[in-house]
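K.L.:
To be precise about what I am sending: the file is called model39.cif and holds mmCIF, C-alpha atoms.
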```
data_entry
#
loop_
_atom_site.label_atom_id
_atom_site.label_comp_id
_atom_site.auth_asym_id
_atom_site.auth_seq_id
_atom_site.Cartn_x
_atom_site.Cartn_y
_atom_site.Cartn_z
CA MET A 21 4.37 9.27 -7.33
CA ASN A 22 6.64 10.15 -4.45
CA GLN A 23 6.95 7.54 -1.71
CA GLN A 24 7.72 10.28 0.83
CA ASP A 25 4.23 11.74 0.32
CA GLY A 26 2.40 8.52 1.24
CA LEU A 27 -0.10 9.05 4.03
CA ILE A 28 -1.40 5.48 4.07
CA ARG A 29 -0.07 3.55 7.04
CA LYS A 30 -1.97 0.28 6.61
CA ILE A 31 -4.18 -1.49 4.06
CA ILE A 32 -6.42 -4.41 4.99
CA LEU A 33 -7.73 -6.52 2.11
CA GLY A 34 -11.18 -8.09 2.21
CA ARG A 35 -14.72 -7.20 3.14
CA ASP A 36 -14.27 -7.89 6.86
CA PRO A 37 -11.19 -6.19 8.34
CA LYS A 38 -11.00 -8.81 11.12
CA ASP A 39 -10.47 -11.58 8.56
CA GLY A 40 -8.50 -9.64 5.93
CA MET A 41 -4.83 -9.69 4.99
CA ALA A 42 -3.02 -6.58 6.23
CA TYR A 43 0.08 -4.80 4.98
CA TYR A 44 1.52 -1.89 6.96
CA VAL A 45 4.50 0.45 6.79
CA GLY A 46 7.37 -1.09 8.72
CA MET A 47 6.17 -4.69 8.18
CA ARG A 48 8.96 -7.17 7.38
CA ALA A 49 8.48 -8.95 4.05
CA GLY A 50 11.13 -11.35 2.78
CA SER A 51 14.46 -9.55 2.96
CA GLY A 52 12.80 -6.12 2.94
CA GLU A 53 10.41 -3.91 4.82
CA VAL A 54 7.24 -2.16 3.63
CA SER A 55 8.30 1.45 3.11
CA ALA A 56 5.17 2.98 1.54
CA ILE A 57 1.61 2.24 0.43
CA LEU A 58 0.37 4.57 -2.28
CA LYS A 59 -2.85 4.98 -4.21
CA ASP A 60 -2.16 4.88 -7.95
CA GLU A 61 -3.92 8.03 -9.13
CA TYR A 62 -2.85 7.47 -12.74
CA TYR A 63 -4.64 4.10 -12.73
CA GLU A 64 -7.73 5.73 -11.23
CA HIS A 65 -7.68 8.46 -13.88
CA LYS A 66 -7.29 5.97 -16.76
CA THR A 67 -9.66 3.21 -15.58
CA GLY A 68 -11.93 4.74 -12.94
CA GLY A 69 -10.86 1.93 -10.60
CA ASP A 70 -8.80 1.84 -7.45
CA ARG A 71 -5.29 0.45 -7.20
CA TYR A 72 -2.87 0.60 -4.30
CA ILE A 73 0.81 -0.28 -4.61
CA VAL A 74 2.84 -1.61 -1.68
CA TYR A 75 6.55 -0.74 -1.86
CA LEU A 76 9.45 -2.54 -0.15
CA GLN A 77 12.77 -1.11 0.95
CA THR A 78 15.39 -3.73 0.10
CA ASP A 79 19.17 -3.77 -0.19
CA ASP A 80 18.65 -2.83 -3.86
CA GLY A 81 16.47 0.21 -3.07
CA VAL A 82 12.70 0.78 -3.07
CA VAL A 83 10.77 -1.64 -5.28
CA PRO A 84 7.06 -2.26 -5.90
CA TRP A 85 6.01 -5.49 -4.17
CA LYS A 86 2.21 -5.85 -4.28
CA SER A 87 -0.52 -4.29 -6.36
CA VAL A 88 -4.08 -4.32 -5.03
CA GLU A 89 -6.63 -3.60 -7.77
CA ASN A 90 -10.38 -3.12 -7.43
CA MET A 91 -10.63 -5.13 -4.21
CA PRO A 92 -12.61 -4.28 -1.12
CA CYS A 93 -10.15 -2.90 1.39
CA THR A 94 -9.86 -0.74 4.46
CA ILE A 95 -7.31 2.06 4.48
CA GLU A 96 -5.70 3.35 7.67
CA TYR A 97 -3.97 6.70 7.34
CA ASP A 98 -0.90 7.93 9.17
CA LEU A 99 -2.02 10.59 11.61
CA LYS A 100 1.36 12.25 12.13
CA PHE A 101 0.88 15.93 11.42
#
```
Please express the file's structure as structure tokens.
P.N.:
Amino acid sequence: MNQQDGLIRKIILGRDPKDGMAYYVGMRAGSGEVSAILKDEYYEHKTGGDRYIVYLQTDDGVVPWKSVENMPCTIEYDLKF
């Protein structure tokens, strides 16, 4: 997966987006910043389920931070064309 190809701008976890936890590109998290949110297509192919991975840009580079598996969520895409 290439973080530069990520079109997801925001993911909101939970059945009701108003009450859910949100992660978005540019959000500060610890000593880093969310740099990408990607759907794990390999996981989908192997399990038939959905998984999204939230990546952080830190002083050490880009690292996976959160994994969201088989949870109700709302996806907001980046509309920059």
K.L.:
Hey, can you check how far CA of Ile31 (chain A) sits from CA of Gly69 (chain A)?
P.N.:
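These atoms are spaced 16.5 Å apart.
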K.L.:
Could you expand the PyMOL selection byres ((chain A and resi 57) around 8) into the explicit residues it covers here, written as a JSON list (two decimals) with C-alpha atoms, in the frame of the given file?
P.N.:
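That gives us result.json:
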```
[["chain", "number", "residue", "atom", "x", "y", "z"],
["A", 23, "GLN", "CA", 6.95, 7.54, -1.71],
["A", 26, "GLY", "CA", 2.40, 8.52, 1.24],
["A", 27, "LEU", "CA", -0.10, 9.05, 4.03],
["A", 28, "ILE", "CA", -1.40, 5.48, 4.07],
["A", 29, "ARG", "CA", -0.07, 3.55, 7.04],
["A", 30, "LYS", "CA", -1.97, 0.28, 6.61],
["A", 31, "ILE", "CA", -4.18, -1.49, 4.06],
["A", 44, "TYR", "CA", 1.52, -1.89, 6.96],
["A", 45, "VAL", "CA", 4.50, 0.45, 6.79],
["A", 54, "VAL", "CA", 7.24, -2.16, 3.63],
["A", 55, "SER", "CA", 8.30, 1.45, 3.11],
["A", 56, "ALA", "CA", 5.17, 2.98, 1.54],
["A", 58, "LEU", "CA", 0.37, 4.57, -2.28],
["A", 59, "LYS", "CA", -2.85, 4.98, -4.21],
["A", 72, "TYR", "CA", -2.87, 0.60, -4.30],
["A", 73, "ILE", "CA", 0.81, -0.28, -4.61],
["A", 74, "VAL", "CA", 2.84, -1.61, -1.68],
["A", 75, "TYR", "CA", 6.55, -0.74, -1.86]]
```
K.L.:
Write out as a list of chain:residue names each polymer residue whose atoms come within 10 Å of Met91 (chain A), counting all atoms listed in the file; drop sequence neighbours fewer than 6 positions from it.
P.N.:
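These residues fall inside the cut-off: A:Leu33, A:Gly34, A:Arg35, A:Gly69, A:Asp70, A:Arg71, A:Tyr72.
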K.L.:
Take the residues that were just selected and, keeping C-alpha atoms, output them as a PDB file, in the coordinates of the input.
P.N.:
```pdb
ATOM      1  CA  LEU A  33      -7.730  -6.520   2.110  1.00  0.00           C
ATOM      2  CA  GLY A  34     -11.180  -8.090   2.210  1.00  0.00           C
ATOM      3  CA  ARG A  35     -14.720  -7.200   3.140  1.00  0.00           C
ATOM      4  CA  GLY A  69     -10.860   1.930 -10.600  1.00  0.00           C
ATOM      5  CA  ASP A  70      -8.800   1.840  -7.450  1.00  0.00           C
ATOM      6  CA  ARG A  71      -5.290   0.450  -7.200  1.00  0.00           C
ATOM      7  CA  TYR A  72      -2.870   0.600  -4.300  1.00  0.00           C
TER       8      TYR A  72
END
```
K.L.:
Rounded to one decimal in Å, what is the spacing between CA of Ile32 (chain A) and CA of Asn90 (chain A)?
P.N.:
13.1 Å
K.L.:
If you measure from CA of Leu76 (chain A) to CA of Met41 (chain A), what distance in Å do you get, rounded to one decimal?
P.N.:
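Distance reported for this atom pair: 16.8 Å.
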K.L.:
With distances taken over all atoms listed in the file, which residue among A:Gly40, A:Val88, A:Lys66, A:Gly81 lies nearest Glu53 (chain A)?
P.N.:
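The shortest atom-to-atom distance to Glu53 (chain A) comes from A:Gly81.
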K.L.:
Counting only C-alpha atoms, which residue out of A:Pro92, A:Gly46, A:Pro84, A:Pro37 sits closest to Asp60 (chain A)?
P.N.:
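When distances to Asp60 (chain A) are compared using only C-alpha atoms, the smallest one comes from A:Pro84.
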K.L.:
Counting all atoms listed in the file, which of A:Gln77, A:Cys93, A:Gly68, A:Glu61 gets nearest to Met47 (chain A)?
P.N.:
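Result for the nearest residue to Met47 (chain A): A:Gln77.
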K.L.:
Emit as lines of an AutoDock Vina configuration file the padded axis-aligned box for all listed atoms of region 51-67 of chain A, 6 Å per side, with centre and edge lengths in Å to one decimal.
P.N.:
```
center_x = 2.4
center_y = -0.5
center_z = -6.0
size_x = 36.1
size_y = 30.0
size_z = 33.6
```
